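Source file: start-v6.tsv. Holds: TSV, C-alpha atoms and all ligand atoms.
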```
chain	number	residue	atom	x	y	z
A	1	MET	CA	0.00	0.00	0.00
A	2	SER	CA	1.36	3.43	-0.88
A	3	ASN	CA	1.88	6.00	1.83
A	4	ARG	CA	1.81	8.91	-0.55
A	5	ASN	CA	-0.23	11.80	0.87
A	6	SER	CA	-1.52	9.63	3.66
A	7	LEU	CA	-3.90	11.06	6.20
A	8	TYR	CA	-3.25	9.82	9.73
A	9	LYS	CA	-5.88	10.36	12.37
A	10	LEU	CA	-4.59	10.66	15.95
A	11	VAL	CA	-6.74	11.01	19.06
A	12	LEU	CA	-5.79	12.69	22.33
A	13	ILE	CA	-7.27	11.07	25.43
A	14	GLY	CA	-6.81	11.37	29.19
A	15	ASP	CA	-8.34	13.24	32.10
A	16	SER	CA	-9.58	16.78	31.81
A	17	GLY	CA	-6.88	19.34	32.55
A	18	VAL	CA	-3.81	17.24	31.76
A	19	GLY	CA	-2.90	19.40	28.76
A	20	LYS	CA	-4.39	17.63	25.73
A	21	THR	CA	-5.57	20.79	23.99
A	22	ASN	CA	-2.26	22.52	24.57
A	23	LEU	CA	-0.32	19.56	23.20
A	24	LEU	CA	-2.48	19.84	20.09
A	25	THR	CA	-2.02	23.59	19.71
A	26	ARG	CA	1.71	23.34	20.45
A	27	PHE	CA	2.18	20.69	17.77
A	28	CYS	CA	-0.20	22.04	15.11
A	29	ARG	CA	0.24	25.79	15.60
A	30	ASN	CA	3.15	26.23	18.01
A	31	GLU	CA	0.85	27.97	20.48
A	32	PHE	CA	0.28	27.60	24.21
A	33	ASN	CA	-2.67	29.01	26.19
A	34	ILE	CA	-2.61	29.74	29.88
A	35	GLY	CA	-5.89	29.34	31.73
A	36	SER	CA	-9.23	28.07	30.64
A	37	LYS	CA	-10.22	27.37	27.09
A	38	MET	CA	-13.35	28.11	25.14
A	39	THR	CA	-16.23	25.85	26.09
A	40	ILE	CA	-16.69	24.73	22.53
A	41	GLY	CA	-13.34	23.58	21.29
A	42	VAL	CA	-12.33	22.65	17.79
A	43	GLU	CA	-12.76	18.98	17.05
A	44	PHE	CA	-9.44	18.57	15.34
A	45	ALA	CA	-6.47	20.35	13.85
A	46	SER	CA	-4.11	19.18	11.14
A	47	LYS	CA	-0.45	19.44	10.31
A	48	THR	CA	1.36	18.34	7.20
A	49	MET	CA	4.84	16.94	7.54
A	50	GLU	CA	7.51	14.85	5.87
A	51	ILE	CA	8.39	11.34	7.01
A	52	GLU	CA	11.05	9.51	5.01
A	53	ASN	CA	10.53	11.84	2.06
A	54	THR	CA	6.80	11.22	2.05
A	55	THR	CA	4.25	13.93	2.79
A	56	ILE	CA	1.77	12.90	5.41
A	57	LYS	CA	-1.05	14.83	7.05
A	58	ALA	CA	-1.62	14.31	10.75
A	59	GLN	CA	-5.20	15.01	11.79
A	60	VAL	CA	-5.21	15.37	15.57
A	61	TRP	CA	-8.54	15.04	17.38
A	62	ASP	CA	-9.18	16.61	20.75
A	63	THR	CA	-11.93	15.49	23.12
A	64	ALA	CA	-13.04	19.13	23.41
A	65	GLY	CA	-14.25	18.55	26.96
A	66	GLN	CA	-16.36	15.46	26.21
A	67	GLU	CA	-14.24	13.41	28.63
A	68	LYS	CA	-15.74	15.29	31.60
A	69	TYR	CA	-19.13	13.78	30.88
A	70	ARG	CA	-17.86	10.36	29.79
A	71	ALA	CA	-19.53	11.14	26.50
A	72	ILE	CA	-16.82	10.47	23.97
A	73	THR	CA	-18.58	9.37	20.84
A	74	ASN	CA	-17.74	6.59	18.43
A	75	THR	CA	-16.97	9.20	15.80
A	76	PHE	CA	-14.06	10.30	17.93
A	77	TYR	CA	-12.28	6.93	17.78
A	78	ARG	CA	-13.41	5.88	14.31
A	79	GLY	CA	-10.53	5.37	11.92
A	80	ALA	CA	-7.87	6.46	14.43
A	81	LYS	CA	-4.41	5.15	13.60
A	82	GLY	CA	-2.83	6.45	16.78
A	83	ALA	CA	-3.72	7.53	20.31
A	84	LEU	CA	-1.81	9.84	22.60
A	85	LEU	CA	-2.79	8.79	26.13
A	86	VAL	CA	-2.00	11.77	28.34
A	87	TYR	CA	-1.64	12.23	32.10
A	88	SER	CA	-0.12	15.07	34.07
A	89	VAL	CA	3.00	14.34	36.13
A	90	THR	CA	1.61	16.89	38.61
A	91	GLU	CA	-1.67	15.02	39.19
A	92	ARG	CA	-1.47	11.47	40.46
A	93	GLN	CA	-5.17	10.80	39.87
A	94	SER	CA	-4.70	11.36	36.14
A	95	PHE	CA	-2.03	8.63	36.25
A	96	VAL	CA	-4.24	6.27	38.29
A	97	ASN	CA	-7.04	6.76	35.74
A	98	LEU	CA	-4.85	5.60	32.84
A	99	LYS	CA	-6.04	2.02	33.17
A	100	ASN	CA	-9.65	3.13	32.63
A	101	TRP	CA	-8.62	5.12	29.56
A	102	LEU	CA	-6.78	2.11	28.15
A	103	THR	CA	-9.87	-0.06	28.63
A	104	GLU	CA	-12.08	2.51	26.93
A	105	LEU	CA	-9.56	2.91	24.14
A	106	ARG	CA	-9.21	-0.83	23.52
A	107	GLU	CA	-12.98	-1.28	23.50
A	108	ASN	CA	-13.67	1.55	21.07
A	109	SER	CA	-10.71	2.01	18.76
A	110	PRO	CA	-9.45	0.02	15.78
A	111	LYS	CA	-7.54	-3.11	16.89
A	112	ASP	CA	-4.25	-2.09	15.25
A	113	ILE	CA	-4.10	1.36	16.87
A	114	THR	CA	-0.64	2.58	17.96
A	115	ILE	CA	-0.62	4.07	21.47
A	116	MET	CA	1.84	6.48	23.01
A	117	LEU	CA	1.78	7.34	26.72
A	118	ILE	CA	2.57	10.96	27.52
A	119	GLY	CA	3.42	12.39	30.95
A	120	ASN	CA	2.84	16.13	30.47
A	121	LYS	CA	3.68	19.29	32.49
A	122	ILE	CA	7.29	18.37	33.36
A	123	ASP	CA	8.11	22.10	33.51
A	124	LEU	CA	6.28	22.10	36.87
A	125	ALA	CA	9.12	20.17	38.54
A	126	ASP	CA	8.26	21.35	42.07
A	127	ASN	CA	4.72	20.00	41.76
A	128	ARG	CA	5.64	16.59	40.41
A	129	GLU	CA	3.58	13.72	41.87
A	130	VAL	CA	4.39	10.95	39.38
A	131	LEU	CA	8.00	9.85	38.91
A	132	THR	CA	9.44	9.14	35.49
A	133	HIS	CA	10.07	5.48	36.28
A	134	GLU	CA	6.41	5.00	37.21
A	135	GLY	CA	5.50	6.12	33.71
A	136	THR	CA	8.16	3.86	32.23
A	137	ASN	CA	6.87	0.88	34.20
A	138	PHE	CA	3.23	1.46	33.24
A	139	ALA	CA	4.24	1.78	29.60
A	140	GLU	CA	6.28	-1.44	29.71
A	141	GLU	CA	3.48	-3.38	31.41
A	142	ASN	CA	1.00	-2.26	28.80
A	143	ASN	CA	3.21	-2.34	25.73
A	144	LEU	CA	3.13	1.38	25.03
A	145	ASN	CA	5.74	3.87	23.92
A	146	PHE	CA	6.38	6.57	26.52
A	147	ILE	CA	7.67	10.12	26.69
A	148	GLU	CA	7.45	13.02	29.14
A	149	THR	CA	6.58	16.45	27.71
A	150	SER	CA	5.85	20.07	28.45
A	151	ALA	CA	3.32	21.73	26.19
A	152	LYS	CA	4.24	24.98	27.93
A	153	ASP	CA	7.91	25.10	27.03
A	154	ALA	CA	7.55	22.69	24.08
A	155	THR	CA	9.85	19.99	25.50
A	156	ASN	CA	9.48	16.73	23.50
A	157	VAL	CA	6.14	17.69	21.94
A	158	GLU	CA	7.33	17.61	18.33
A	159	TYR	CA	9.30	14.47	19.16
A	160	ALA	CA	6.24	12.71	20.64
A	161	PHE	CA	4.09	13.34	17.57
A	162	LEU	CA	6.88	12.55	15.14
A	163	SER	CA	7.62	9.34	16.97
A	164	ILE	CA	4.04	7.99	16.88
A	165	LEU	CA	3.57	9.12	13.27
A	166	THR	CA	6.80	7.38	12.23
A	167	ASP	CA	5.64	4.17	13.97
A	168	ILE	CA	2.33	4.33	12.11
A	169	PHE	CA	4.12	5.09	8.85
A	170	GLU	CA	6.35	2.04	9.30
A	171	LYS	CA	3.37	-0.21	10.11
A	172	ASN	CA	1.50	0.92	7.01
A	173	LYS	CA	4.40	0.53	4.61
B	201	LIG	P1	-7.10	19.39	28.62
B	201	LIG	O1	-8.33	19.60	29.45
B	201	LIG	O2	-6.48	18.03	28.84
B	201	LIG	O3	-7.29	19.69	27.16
B	201	LIG	O4	-5.98	20.42	29.19
B	201	LIG	P2	-5.61	21.89	28.67
B	201	LIG	O5	-4.71	21.82	27.47
B	201	LIG	O6	-6.84	22.71	28.57
B	201	LIG	O7	-4.70	22.40	29.89
B	201	LIG	C1	-5.25	22.53	31.20
B	201	LIG	C2	-4.43	23.56	31.96
B	201	LIG	O8	-3.08	23.12	32.12
B	201	LIG	C3	-4.36	24.93	31.26
B	201	LIG	O9	-4.36	25.93	32.25
B	201	LIG	C4	-3.01	24.88	30.55
B	201	LIG	O10	-2.46	26.18	30.38
B	201	LIG	C5	-2.18	24.04	31.51
B	201	LIG	N1	-1.12	23.26	30.85
B	201	LIG	C6	-1.23	22.42	29.79
B	201	LIG	N2	-0.05	21.88	29.47
B	201	LIG	C7	0.85	22.38	30.36
B	201	LIG	C8	2.27	22.19	30.55
B	201	LIG	O11	2.95	21.44	29.86
B	201	LIG	N3	2.84	22.90	31.59
B	201	LIG	C9	2.12	23.75	32.39
B	201	LIG	N4	2.78	24.41	33.34
B	201	LIG	N5	0.80	23.92	32.23
B	201	LIG	C10	0.17	23.26	31.24
```
What is this file in structure tokens?
Ligand code: GDP
Amino acid sequence: MSNRNSLYKLVLIGDSGVGKTNLLTRFCRNEFNIGSKMTIGVEFASKTMEIENTTIKAQVWDTAGQEKYRAITNTFYRGAKGALLVYSVTERQSFVNLKNWLTELRENSPKDITIMLIGNKIDLADNREVLTHEGTNFAEENNLNFIETSAKDATNVEYAFLSILTDIFEKNK
């Protein structure tokens, strides 16, 4: 199958407030927003990039607040090639809830979906509640790739997206 001009759908999941929207805006528009967002968010944003000399378009879907009401629709997961499962290193509960997100993801998403675990907000070092090795262990136990990021100062954000997109690209070769 040819990868030429492929469209790759990625979904961002995880507890409210962990930084999903800001990871999206950092990656797609190189923007960061302090404070609360608009109540009605965009459903997705796109970014075109080159992987191994091939142009691909990443279409990144945000929950836009649906996760608060446990009302994520089937449309959200449909056709997703990758999922970025996000927690905040400053909020242990968002880490504890990962197992519920994985269950929901595995029940609703395509079987061959590629998943990357992201521990966000590492710029807030003084408020850290979840250690790096806890993230590493959870990722190993559940067969996920793992990276820690800061959407605020842009640490590893480009790398995280590029890494999952390259994995998907390789799988679809
Ligand atoms: P979402 O509900 O998961 O989409 O989270 P948001 O992207 O709306 O972020 C929630 C709050 O955390 C906002 O006040 C953001 O400014 C803040 N935030 C998001 N990412 C980071 C980060 O990497 N570092 C810091 N310090 N704050 C962040």
If I wrap all listed atoms of segment 158-170 of chain A in a box with edges along x, y and z and add 4 Å on each side, what are its centre and edge lengths in Å to one decimal, as JSON?
```
{"center_x": 5.8, "center_y": 9.8, "center_z": 14.7, "size_x": 15.0, "size_y": 23.6, "size_z": 19.8}
```
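Minimum distance to Tyr87 of chain A across A:Phe146, A:Trp61, A:Phe32, A:Phe169 (counting all atoms listed in the file) occurs at A:Phe146.
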Counting all atoms listed in the file, which residues of chain A sit at most 8 Å from some atom of ligand LIG 201 (chain B), and what is each one's closest atom pair with its distance in Å to one decimal, listed by chain and rising residue number, as a tab-separated table?
```
residue	atom	partner	partner_atom	distance
A:Ile13	CA	B:LIG201	O2	7.8
A:Gly14	CA	B:LIG201	O2	6.7
A:Asp15	CA	B:LIG201	O2	6.1
A:Ser16	CA	B:LIG201	O1	3.9
A:Gly17	CA	B:LIG201	O1	3.4
A:Val18	CA	B:LIG201	O2	4.0
A:Gly19	CA	B:LIG201	O4	3.3
A:Lys20	CA	B:LIG201	O2	3.8
A:Thr21	CA	B:LIG201	O5	3.7
A:Asn22	CA	B:LIG201	O5	3.9
A:Leu23	CA	B:LIG201	O5	6.5
A:Leu24	CA	B:LIG201	O5	8.0
A:Phe32	CA	B:LIG201	O10	6.9
A:Asn33	CA	B:LIG201	O10	5.1
A:Ile34	CA	B:LIG201	O10	3.6
A:Gly35	CA	B:LIG201	O9	3.8
A:Ser36	CA	B:LIG201	O9	5.6
A:Lys37	CA	B:LIG201	O6	5.9
A:Asp62	CA	B:LIG201	O3	7.4
A:Thr63	CA	B:LIG201	O3	7.4
A:Ala64	CA	B:LIG201	O3	6.9
A:Gly65	CA	B:LIG201	O1	6.5
A:Val86	CA	B:LIG201	O2	7.7
A:Asn120	CA	B:LIG201	O11	5.3
A:Lys121	CA	B:LIG201	O11	3.5
A:Ile122	CA	B:LIG201	O11	6.4
A:Asp123	CA	B:LIG201	N3	5.7
A:Leu124	CA	B:LIG201	N4	5.5
A:Thr149	CA	B:LIG201	O11	6.5
A:Ser150	CA	B:LIG201	O11	3.5
A:Ala151	CA	B:LIG201	O11	3.7
A:Lys152	CA	B:LIG201	O11	4.2
A:Asp153	CA	B:LIG201	O11	6.8
A:Ala154	CA	B:LIG201	O11	7.5
```
Selection above as a file: C-alpha atoms, as a short mmCIF file (atom, residue, chain, number, x, y, z; two decimals), in the coordinates of the input:
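What follows is the written file part03.cif:
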```cif
data_model
loop_
_atom_site.label_atom_id
_atom_site.label_comp_id
_atom_site.auth_asym_id
_atom_site.auth_seq_id
_atom_site.Cartn_x
_atom_site.Cartn_y
_atom_site.Cartn_z
CA ILE A 13 -7.27 11.07 25.43
CA GLY A 14 -6.81 11.37 29.19
CA ASP A 15 -8.34 13.24 32.10
CA SER A 16 -9.58 16.78 31.81
CA GLY A 17 -6.88 19.34 32.55
CA VAL A 18 -3.81 17.24 31.76
CA GLY A 19 -2.90 19.40 28.76
CA LYS A 20 -4.39 17.63 25.73
CA THR A 21 -5.57 20.79 23.99
CA ASN A 22 -2.26 22.52 24.57
CA LEU A 23 -0.32 19.56 23.20
CA LEU A 24 -2.48 19.84 20.09
CA PHE A 32 0.28 27.60 24.21
CA ASN A 33 -2.67 29.01 26.19
CA ILE A 34 -2.61 29.74 29.88
CA GLY A 35 -5.89 29.34 31.73
CA SER A 36 -9.23 28.07 30.64
CA LYS A 37 -10.22 27.37 27.09
CA ASP A 62 -9.18 16.61 20.75
CA THR A 63 -11.93 15.49 23.12
CA ALA A 64 -13.04 19.13 23.41
CA GLY A 65 -14.25 18.55 26.96
CA VAL A 86 -2.00 11.77 28.34
CA ASN A 120 2.84 16.13 30.47
CA LYS A 121 3.68 19.29 32.49
CA ILE A 122 7.29 18.37 33.36
CA ASP A 123 8.11 22.10 33.51
CA LEU A 124 6.28 22.10 36.87
CA THR A 149 6.58 16.45 27.71
CA SER A 150 5.85 20.07 28.45
CA ALA A 151 3.32 21.73 26.19
CA LYS A 152 4.24 24.98 27.93
CA ASP A 153 7.91 25.10 27.03
CA ALA A 154 7.55 22.69 24.08
#
```
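Here atom CA of Ala160 of chain A and atom CA of Asn145 of chain A stand 9.4 Å from one another.
Going from atom CA of Ser88 of chain A over to atom CA of Lys111 of chain A, you cover 26.1 Å.
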Q: Within 10 Å of (-6.9, 7.0, 12.4) (coordinates as in the file), grab all the protein and nucleic acid residues, counting only C-alpha atoms, and write them out as a PyMOL selection string.
A: chain A and resi 7-11+58-61+76-83+109-110+112-114+168
Q: Excluding segment 49-56 of chain A and residues on its chain fewer than 3 positions from it, collect all residues at most 12 Å away from it, counting all atoms listed in the file, and give them as a count of residues only.
A: 24
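Coordinates place atom CA of Arg26 of chain A at a distance of 11.7 Å from atom CA of Tyr159 of chain A.
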Q | Test item: residues at most 12 Å from Asn143 of chain A, all atoms listed in the file, excluding those fewer than 3 positions along its chain, as a PyMOL selection string | A | chain A and resi 102+114-117+135-140+146
Could the residues in this selection be saved with C-alpha atoms as a CSV table (one decimal), keeping the file's coordinate frame?
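Result file is selection.csv:
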```
chain,number,residue,atom,x,y,z
A,102,LEU,CA,-6.8,2.1,28.2
A,114,THR,CA,-0.6,2.6,18.0
A,115,ILE,CA,-0.6,4.1,21.5
A,116,MET,CA,1.8,6.5,23.0
A,117,LEU,CA,1.8,7.3,26.7
A,135,GLY,CA,5.5,6.1,33.7
A,136,THR,CA,8.2,3.9,32.2
A,137,ASN,CA,6.9,0.9,34.2
A,138,PHE,CA,3.2,1.5,33.2
A,139,ALA,CA,4.2,1.8,29.6
A,140,GLU,CA,6.3,-1.4,29.7
A,146,PHE,CA,6.4,6.6,26.5
```
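Closest to Asn142 of chain A among A:Asn172, A:Gln93, A:Asn127, A:Thr103 is A:Thr103, based on all atoms listed in the file.
For the residues A:Ile72, A:Leu98, A:Val89, A:Leu105, ranking by smallest atom-to-atom distance to His133 of chain A using only C-alpha atoms places A:Val89 first.
If you measure from each of A:Val157, A:Ala45, A:Leu131, A:Leu85 to Ile118 of chain A using only C-alpha atoms, the closest one turns out to be A:Leu85.
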